[in-house]
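So this one's model.txt, compact mmCIF, N, CA and C atoms:
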```txt
# COMPACT_ATOMS: atom_id res chain seq x y z
N MET A 6 0.84 -1.19 0.00
CA MET A 6 0.00 0.00 0.00
C MET A 6 0.88 1.25 0.00
N LYS A 7 0.57 2.17 -0.88
CA LYS A 7 1.33 3.40 -0.96
C LYS A 7 0.94 4.32 0.19
N LYS A 8 1.94 4.95 0.78
CA LYS A 8 1.69 5.92 1.83
C LYS A 8 2.50 7.17 1.50
N PHE A 9 1.82 8.29 1.41
CA PHE A 9 2.46 9.56 1.10
C PHE A 9 3.37 9.98 2.25
N ILE A 10 4.57 10.43 1.91
CA ILE A 10 5.51 10.96 2.88
C ILE A 10 5.76 12.43 2.53
N LYS A 11 5.33 13.33 3.41
CA LYS A 11 5.48 14.77 3.16
C LYS A 11 6.95 15.16 3.30
N GLN A 12 7.49 15.81 2.25
CA GLN A 12 8.88 16.28 2.23
C GLN A 12 8.87 17.76 1.87
N ILE A 13 9.27 18.62 2.79
CA ILE A 13 9.37 20.05 2.49
C ILE A 13 10.79 20.32 2.02
N GLU A 14 10.93 20.58 0.73
CA GLU A 14 12.24 20.78 0.13
C GLU A 14 12.18 21.89 -0.92
N ASP A 15 13.11 22.81 -0.86
CA ASP A 15 13.29 23.80 -1.90
C ASP A 15 14.27 23.21 -2.91
N PHE A 16 14.16 23.62 -4.18
CA PHE A 16 15.09 23.11 -5.18
C PHE A 16 15.21 24.05 -6.36
N THR A 17 16.26 23.87 -7.11
CA THR A 17 16.44 24.58 -8.37
C THR A 17 16.03 23.60 -9.46
N CYS A 18 15.12 24.04 -10.33
CA CYS A 18 14.66 23.16 -11.40
C CYS A 18 15.83 22.84 -12.33
N ALA A 19 16.07 21.57 -12.54
CA ALA A 19 17.16 21.12 -13.41
C ALA A 19 16.84 21.33 -14.89
N HIS A 20 15.58 21.63 -15.20
CA HIS A 20 15.20 21.86 -16.60
C HIS A 20 15.30 23.34 -16.97
N CYS A 21 14.67 24.23 -16.18
CA CYS A 21 14.62 25.64 -16.56
C CYS A 21 15.40 26.56 -15.63
N GLY A 22 15.88 26.04 -14.49
CA GLY A 22 16.68 26.84 -13.57
C GLY A 22 15.90 27.67 -12.58
N ALA A 23 14.58 27.57 -12.57
CA ALA A 23 13.76 28.33 -11.63
C ALA A 23 14.03 27.88 -10.19
N GLU A 24 14.02 28.82 -9.26
CA GLU A 24 14.14 28.50 -7.85
C GLU A 24 12.73 28.18 -7.34
N VAL A 25 12.56 27.00 -6.78
CA VAL A 25 11.24 26.52 -6.36
C VAL A 25 11.22 26.37 -4.85
N LEU A 26 10.22 26.99 -4.22
CA LEU A 26 10.02 26.85 -2.78
C LEU A 26 9.03 25.72 -2.55
N GLY A 27 9.47 24.68 -1.88
CA GLY A 27 8.61 23.54 -1.63
C GLY A 27 7.68 23.78 -0.47
N ASN A 28 6.55 23.08 -0.49
CA ASN A 28 5.58 23.20 0.60
C ASN A 28 5.24 21.84 1.22
N GLY A 29 5.97 20.82 0.85
CA GLY A 29 5.70 19.48 1.36
C GLY A 29 4.90 18.64 0.38
N TYR A 30 4.30 19.31 -0.60
CA TYR A 30 3.53 18.62 -1.64
C TYR A 30 4.08 18.93 -3.02
N THR A 31 5.10 19.79 -3.09
CA THR A 31 5.67 20.21 -4.36
C THR A 31 6.36 19.02 -5.03
N ASN A 32 5.93 18.70 -6.27
CA ASN A 32 6.51 17.56 -6.97
C ASN A 32 6.93 17.88 -8.39
N HIS A 33 6.89 19.17 -8.74
CA HIS A 33 7.33 19.60 -10.06
C HIS A 33 7.59 21.11 -10.04
N CYS A 34 8.26 21.60 -11.05
CA CYS A 34 8.53 23.02 -11.18
C CYS A 34 7.26 23.75 -11.62
N PRO A 35 6.84 24.79 -10.90
CA PRO A 35 5.62 25.50 -11.29
C PRO A 35 5.79 26.35 -12.56
N LYS A 36 7.03 26.59 -12.97
CA LYS A 36 7.27 27.39 -14.17
C LYS A 36 7.20 26.54 -15.44
N CYS A 37 7.98 25.46 -15.50
CA CYS A 37 8.04 24.64 -16.73
C CYS A 37 7.28 23.32 -16.60
N LEU A 38 6.87 22.96 -15.39
CA LEU A 38 6.11 21.75 -15.05
C LEU A 38 6.91 20.45 -15.14
N TRP A 39 8.22 20.53 -15.37
CA TRP A 39 9.06 19.33 -15.37
C TRP A 39 9.22 18.84 -13.94
N SER A 40 9.51 17.57 -13.80
CA SER A 40 9.70 16.95 -12.50
C SER A 40 11.00 16.15 -12.53
N ARG A 41 11.29 15.48 -11.44
CA ARG A 41 12.47 14.62 -11.38
C ARG A 41 12.04 13.29 -10.77
N HIS A 42 12.55 12.20 -11.31
CA HIS A 42 12.18 10.86 -10.85
C HIS A 42 12.98 10.51 -9.60
N VAL A 43 12.44 10.92 -8.44
CA VAL A 43 13.13 10.70 -7.17
C VAL A 43 12.38 9.76 -6.23
N ASP A 44 11.11 9.48 -6.52
CA ASP A 44 10.28 8.66 -5.63
C ASP A 44 9.85 7.35 -6.28
N ASN A 45 9.79 6.30 -5.46
CA ASN A 45 9.10 5.08 -5.87
C ASN A 45 7.63 5.22 -5.49
N ASN A 46 7.38 5.70 -4.28
CA ASN A 46 6.05 6.05 -3.79
C ASN A 46 6.11 7.52 -3.41
N PRO A 47 5.03 8.27 -3.56
CA PRO A 47 5.06 9.71 -3.35
C PRO A 47 5.75 10.12 -2.05
N GLY A 48 6.83 10.90 -2.19
CA GLY A 48 7.54 11.47 -1.06
C GLY A 48 8.62 10.61 -0.44
N ASP A 49 8.81 9.37 -0.91
CA ASP A 49 9.77 8.49 -0.22
C ASP A 49 11.24 8.73 -0.61
N ARG A 50 11.50 9.42 -1.71
CA ARG A 50 12.85 9.71 -2.19
C ARG A 50 13.73 8.46 -2.31
N GLN A 51 13.12 7.34 -2.69
CA GLN A 51 13.82 6.06 -2.76
C GLN A 51 14.17 5.61 -4.18
N SER A 52 13.81 6.37 -5.20
CA SER A 52 14.12 5.96 -6.56
C SER A 52 15.61 6.14 -6.84
N ASN A 53 16.20 5.17 -7.47
CA ASN A 53 17.60 5.25 -7.87
C ASN A 53 17.77 5.92 -9.23
N CYS A 54 16.67 6.20 -9.92
CA CYS A 54 16.73 6.75 -11.28
C CYS A 54 17.25 8.19 -11.28
N GLY A 55 16.49 9.12 -10.71
CA GLY A 55 16.91 10.51 -10.60
C GLY A 55 16.85 11.32 -11.88
N ALA A 56 16.36 10.74 -12.97
CA ALA A 56 16.32 11.45 -14.26
C ALA A 56 15.17 12.46 -14.29
N MET A 57 15.20 13.30 -15.30
CA MET A 57 14.15 14.29 -15.49
C MET A 57 12.88 13.63 -16.04
N MET A 58 11.75 14.19 -15.62
CA MET A 58 10.45 13.69 -16.07
C MET A 58 9.76 14.79 -16.87
N ARG A 59 9.56 14.51 -18.15
CA ARG A 59 8.95 15.46 -19.08
C ARG A 59 7.44 15.48 -18.90
N PRO A 60 6.83 16.68 -18.86
CA PRO A 60 5.37 16.74 -18.86
C PRO A 60 4.88 16.41 -20.27
N ILE A 61 4.20 15.27 -20.43
CA ILE A 61 3.82 14.85 -21.79
C ILE A 61 2.36 15.14 -22.11
N SER A 62 1.54 15.36 -21.10
CA SER A 62 0.15 15.72 -21.38
C SER A 62 -0.48 16.33 -20.14
N ILE A 63 -1.59 17.02 -20.39
CA ILE A 63 -2.41 17.62 -19.33
C ILE A 63 -3.84 17.19 -19.60
N GLU A 64 -4.52 16.75 -18.56
CA GLU A 64 -5.94 16.46 -18.70
C GLU A 64 -6.68 17.16 -17.58
N GLN A 65 -7.97 17.39 -17.80
CA GLN A 65 -8.78 18.00 -16.76
C GLN A 65 -9.73 16.94 -16.23
N LYS A 66 -9.76 16.82 -14.90
CA LYS A 66 -10.59 15.80 -14.27
C LYS A 66 -11.22 16.40 -13.02
N SER A 67 -12.53 16.39 -12.95
CA SER A 67 -13.25 16.94 -11.80
C SER A 67 -12.80 18.35 -11.46
N GLY A 68 -12.59 19.18 -12.49
CA GLY A 68 -12.22 20.57 -12.30
C GLY A 68 -10.76 20.81 -11.97
N GLU A 69 -9.93 19.77 -11.95
CA GLU A 69 -8.50 19.91 -11.68
C GLU A 69 -7.70 19.50 -12.90
N PHE A 70 -6.54 20.12 -13.05
CA PHE A 70 -5.63 19.72 -14.12
C PHE A 70 -4.69 18.65 -13.58
N ILE A 71 -4.47 17.61 -14.39
CA ILE A 71 -3.58 16.52 -14.04
C ILE A 71 -2.46 16.48 -15.09
N ILE A 72 -1.21 16.51 -14.60
CA ILE A 72 -0.05 16.43 -15.49
C ILE A 72 0.39 14.97 -15.57
N THR A 73 0.64 14.50 -16.77
CA THR A 73 1.27 13.19 -16.94
C THR A 73 2.73 13.43 -17.26
N HIS A 74 3.61 12.88 -16.41
CA HIS A 74 5.06 12.98 -16.60
C HIS A 74 5.60 11.64 -17.06
N LYS A 75 6.60 11.69 -17.94
CA LYS A 75 7.29 10.47 -18.37
C LYS A 75 8.79 10.65 -18.13
N CYS A 76 9.39 9.68 -17.46
CA CYS A 76 10.81 9.73 -17.16
C CYS A 76 11.62 9.61 -18.44
N GLU A 77 12.58 10.51 -18.61
CA GLU A 77 13.44 10.53 -19.79
C GLU A 77 14.40 9.35 -19.83
N LYS A 78 14.66 8.71 -18.70
CA LYS A 78 15.62 7.62 -18.64
C LYS A 78 14.94 6.24 -18.64
N CYS A 79 14.05 6.02 -17.69
CA CYS A 79 13.48 4.67 -17.54
C CYS A 79 12.08 4.52 -18.12
N GLY A 80 11.44 5.64 -18.49
CA GLY A 80 10.13 5.58 -19.12
C GLY A 80 8.95 5.50 -18.18
N LYS A 81 9.18 5.54 -16.86
CA LYS A 81 8.06 5.47 -15.91
C LYS A 81 7.12 6.64 -16.15
N VAL A 82 5.82 6.38 -16.08
CA VAL A 82 4.80 7.40 -16.27
C VAL A 82 4.08 7.62 -14.95
N ILE A 83 3.96 8.88 -14.55
CA ILE A 83 3.32 9.26 -13.29
C ILE A 83 2.37 10.41 -13.55
N LYS A 84 1.20 10.36 -12.93
CA LYS A 84 0.24 11.47 -13.01
C LYS A 84 0.28 12.24 -11.70
N GLN A 85 0.28 13.58 -11.82
CA GLN A 85 0.33 14.45 -10.67
C GLN A 85 -0.62 15.62 -10.88
N LYS A 86 -1.26 16.05 -9.80
CA LYS A 86 -2.13 17.22 -9.87
C LYS A 86 -1.29 18.48 -10.02
N THR A 87 -1.84 19.47 -10.73
CA THR A 87 -1.18 20.76 -10.79
C THR A 87 -1.37 21.46 -9.44
N SER A 88 -0.59 22.51 -9.24
CA SER A 88 -0.68 23.31 -8.02
C SER A 88 -1.23 24.68 -8.37
N ALA A 89 -1.73 25.37 -7.36
CA ALA A 89 -2.32 26.70 -7.57
C ALA A 89 -1.31 27.68 -8.17
N ASN A 90 -0.02 27.52 -7.89
CA ASN A 90 0.98 28.46 -8.39
C ASN A 90 1.62 28.02 -9.72
N ASP A 91 1.11 26.96 -10.34
CA ASP A 91 1.64 26.53 -11.64
C ASP A 91 1.31 27.55 -12.72
N ASP A 92 2.24 27.72 -13.64
CA ASP A 92 2.08 28.68 -14.72
C ASP A 92 0.98 28.24 -15.70
N MET A 93 -0.11 29.01 -15.74
CA MET A 93 -1.26 28.63 -16.57
C MET A 93 -0.91 28.64 -18.06
N ASP A 94 -0.03 29.54 -18.48
CA ASP A 94 0.38 29.56 -19.90
C ASP A 94 1.09 28.26 -20.27
N THR A 95 1.90 27.73 -19.36
CA THR A 95 2.59 26.46 -19.63
C THR A 95 1.60 25.31 -19.66
N ILE A 96 0.64 25.33 -18.76
CA ILE A 96 -0.41 24.29 -18.76
C ILE A 96 -1.14 24.29 -20.09
N ILE A 97 -1.52 25.47 -20.55
CA ILE A 97 -2.24 25.59 -21.83
C ILE A 97 -1.34 25.14 -22.99
N SER A 98 -0.07 25.53 -22.96
CA SER A 98 0.85 25.14 -24.05
C SER A 98 0.98 23.63 -24.15
N ILE A 99 1.14 22.98 -23.00
CA ILE A 99 1.29 21.52 -23.00
C ILE A 99 0.01 20.84 -23.47
N SER A 100 -1.13 21.35 -23.02
CA SER A 100 -2.39 20.69 -23.36
C SER A 100 -2.82 20.92 -24.81
N SER A 101 -2.27 21.95 -25.46
CA SER A 101 -2.73 22.25 -26.81
C SER A 101 -1.66 22.22 -27.89
N ASN A 102 -0.39 21.98 -27.52
CA ASN A 102 0.68 22.07 -28.50
C ASN A 102 1.62 20.87 -28.41
N PRO A 103 1.44 19.86 -29.25
CA PRO A 103 2.30 18.69 -29.20
C PRO A 103 3.77 18.99 -29.43
N ASP A 104 4.10 20.04 -30.17
CA ASP A 104 5.49 20.41 -30.39
C ASP A 104 6.17 20.81 -29.10
N PHE A 105 5.42 21.47 -28.19
CA PHE A 105 5.97 21.83 -26.88
C PHE A 105 6.31 20.58 -26.10
N ILE A 106 5.43 19.62 -26.12
CA ILE A 106 5.60 18.40 -25.35
C ILE A 106 6.87 17.66 -25.77
N PHE A 107 7.11 17.57 -27.04
CA PHE A 107 8.22 16.78 -27.53
C PHE A 107 9.47 17.62 -27.79
N GLY A 108 9.44 18.90 -27.40
CA GLY A 108 10.63 19.74 -27.48
C GLY A 108 11.08 20.10 -28.88
N LYS A 109 10.15 20.16 -29.83
CA LYS A 109 10.50 20.51 -31.22
C LYS A 109 10.57 22.00 -31.39
```
Now that the file is in, can you turn its structure into structure tokens?
Amino acid sequence: MKKFIKQIEDFTCAHCGAEVLGNGYTNHCPKCLWSRHVDNNPGDRQSNCGAMMRPISIEQKSGEFIITHKCEKCGKVIKQKTSANDDMDTIISISSNPDFIFGK
């Protein structure tokens, strides 16, 4: 059974360089929406992969936006909710522009 482990951590986004202030639930950069593959289960920091996770799609479910991330190294796919401080222009770009998703 998965059990969430709250981790309050600030970090510099390895994709865009933004300084991110963590709140214990922060799991991606609010500017570019990229993440890092650091967890096996949410918050455990037990993954040995550590690679970047590309935001490959956005869906809306029950009034919330859900980001699908795919690990650039191992291919693991994870869905995560967006946060209130996520950049809405980036959310719109990912959800409507496949070239943005694939970095063309």
Checklist entry - Which one of A:Ser101, A:Ile72, A:Ser40, A:Pro47 sits closest to A:Lys8 if you count all atoms listed in the file? => result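 Checking each of A:Ser101, A:Ile72, A:Ser40, A:Pro47 against A:Lys8, counting all atoms listed in the file, the winner is A:Pro47.
From atom N of A:Pro35 back to atom C of A:Gln65, the distance works out to 19.1 Å.
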Item to check | Shell around A:Thr95 at 8 Å using all atoms listed in the file, local window under 2 positions removed, as a PyMOL selection string | outcome: chain A and resi 35-38+91-93+97-101
Using only N, CA and C atoms, determine which residues lie at most 8 Å from A:Arg41, disregarding the query and same-chain residues fewer than 3 positions distant; provide the list as an mmCIF file with N, CA and C atoms, in the coordinates of the input.
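After the write, selection.cif holds the following:
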```cif
data_model
loop_
_atom_site.group_PDB
_atom_site.id
_atom_site.type_symbol
_atom_site.label_atom_id
_atom_site.label_comp_id
_atom_site.auth_asym_id
_atom_site.auth_seq_id
_atom_site.Cartn_x
_atom_site.Cartn_y
_atom_site.Cartn_z
ATOM 1 N N ALA A 19 16.070 21.570 -12.540
ATOM 2 C CA ALA A 19 17.160 21.120 -13.410
ATOM 3 C C ALA A 19 16.840 21.330 -14.890
ATOM 4 N N ASN A 32 5.930 18.700 -6.270
ATOM 5 C CA ASN A 32 6.510 17.560 -6.970
ATOM 6 C C ASN A 32 6.930 17.880 -8.390
ATOM 7 N N HIS A 33 6.890 19.170 -8.740
ATOM 8 C CA HIS A 33 7.330 19.600 -10.060
ATOM 9 C C HIS A 33 7.590 21.110 -10.040
ATOM 10 N N CYS A 34 8.260 21.600 -11.050
ATOM 11 C CA CYS A 34 8.530 23.020 -11.180
ATOM 12 C C CYS A 34 7.260 23.750 -11.620
ATOM 13 N N LEU A 38 6.870 22.960 -15.390
ATOM 14 C CA LEU A 38 6.110 21.750 -15.050
ATOM 15 C C LEU A 38 6.910 20.450 -15.140
ATOM 16 N N ASP A 44 11.110 9.480 -6.520
ATOM 17 C CA ASP A 44 10.280 8.660 -5.630
ATOM 18 C C ASP A 44 9.850 7.350 -6.280
ATOM 19 N N CYS A 54 16.670 6.200 -9.920
ATOM 20 C CA CYS A 54 16.730 6.750 -11.280
ATOM 21 C C CYS A 54 17.250 8.190 -11.280
ATOM 22 N N GLY A 55 16.490 9.120 -10.710
ATOM 23 C CA GLY A 55 16.910 10.510 -10.600
ATOM 24 C C GLY A 55 16.850 11.320 -11.880
ATOM 25 N N ALA A 56 16.360 10.740 -12.970
ATOM 26 C CA ALA A 56 16.320 11.450 -14.260
ATOM 27 C C ALA A 56 15.170 12.460 -14.290
ATOM 28 N N MET A 57 15.200 13.300 -15.300
ATOM 29 C CA MET A 57 14.150 14.290 -15.490
ATOM 30 C C MET A 57 12.880 13.630 -16.040
ATOM 31 N N MET A 58 11.750 14.190 -15.620
ATOM 32 C CA MET A 58 10.450 13.690 -16.070
ATOM 33 C C MET A 58 9.760 14.790 -16.870
ATOM 34 N N ARG A 59 9.560 14.510 -18.150
ATOM 35 C CA ARG A 59 8.950 15.460 -19.080
ATOM 36 C C ARG A 59 7.440 15.480 -18.900
ATOM 37 N N CYS A 76 9.390 9.680 -17.460
ATOM 38 C CA CYS A 76 10.810 9.730 -17.160
ATOM 39 C C CYS A 76 11.620 9.610 -18.440
#
```
Item to check | Neighbours of point (4.9, 12.8, -17.0) within 6 Å, using only C-alpha atoms, written as a list in words | outcome: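 Those residues, ordered by chain and then number, are Met58, Arg59, Pro60, Ile61, Thr73, His74, Lys75, Val82 and Ile83 of chain A.
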Those selected residues, please, written with N, CA and C atoms and delivered as a compact mmCIF listing (two decimals), in the coordinates of the input.
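See again.txt below for the written result:
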```
# COMPACT_ATOMS: atom_id res chain seq x y z
N MET A 58 11.75 14.19 -15.62
CA MET A 58 10.45 13.69 -16.07
C MET A 58 9.76 14.79 -16.87
N ARG A 59 9.56 14.51 -18.15
CA ARG A 59 8.95 15.46 -19.08
C ARG A 59 7.44 15.48 -18.90
N PRO A 60 6.83 16.68 -18.86
CA PRO A 60 5.37 16.74 -18.86
C PRO A 60 4.88 16.41 -20.27
N ILE A 61 4.20 15.27 -20.43
CA ILE A 61 3.82 14.85 -21.79
C ILE A 61 2.36 15.14 -22.11
N THR A 73 0.64 14.50 -16.77
CA THR A 73 1.27 13.19 -16.94
C THR A 73 2.73 13.43 -17.26
N HIS A 74 3.61 12.88 -16.41
CA HIS A 74 5.06 12.98 -16.60
C HIS A 74 5.60 11.64 -17.06
N LYS A 75 6.60 11.69 -17.94
CA LYS A 75 7.29 10.47 -18.37
C LYS A 75 8.79 10.65 -18.13
N VAL A 82 5.82 6.38 -16.08
CA VAL A 82 4.80 7.40 -16.27
C VAL A 82 4.08 7.62 -14.95
N ILE A 83 3.96 8.88 -14.55
CA ILE A 83 3.32 9.26 -13.29
C ILE A 83 2.37 10.41 -13.55
```
Checklist entry - If you measure from atom CA of A:Asp49 to atom CA of A:Ile96, what distance in Å do you get, rounded to one decimal? => result 26.4 Å
Item to check | Between atom N of A:Thr87 and atom C of A:Glu64 - distance in Å to one decimal | outcome: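 Taking atom C of A:Glu64 and atom N of A:Thr87, their separation equals 8.7 Å.
Between A:Ile10 and the residues A:Ser88, A:Ile71, A:Ile63, A:Tyr30, the shortest atom-to-atom distance, using all atoms listed in the file, involves A:Tyr30.
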Next on the checklist: Excluding A:Asp15 and its own-chain neighbours fewer than 2 positions away, which residues fall within 5 Å of it when counting only N, CA and C atoms? Please give them as a list in words.
Outcome noted: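 The neighbour list is Ile13, Thr17, Val25, Leu26 and Gly27 of chain A.
All residues within chain A that the backbone DSSP calculation assigns to strand (DSSP E) are Phe16, Thr17, Glu24, Val25, Ser40, Arg41, Met57, Met58, Arg59, Pro60, Ile61, Ser62, Ile63, Glu64, Gln65, Lys66, Glu69, Phe70, Ile71, Ile72, Thr73, His74, Lys75, Cys76, Val82, Ile83, Lys84, Gln85 and Lys86 of chain A.
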Next on the checklist: For the alpha helix (DSSP H) assignment from backbone DSSP, which residues of stretch 29-100 of chain A qualify? Please present them as number ranges by chain.
Outcome noted: A: 93-100
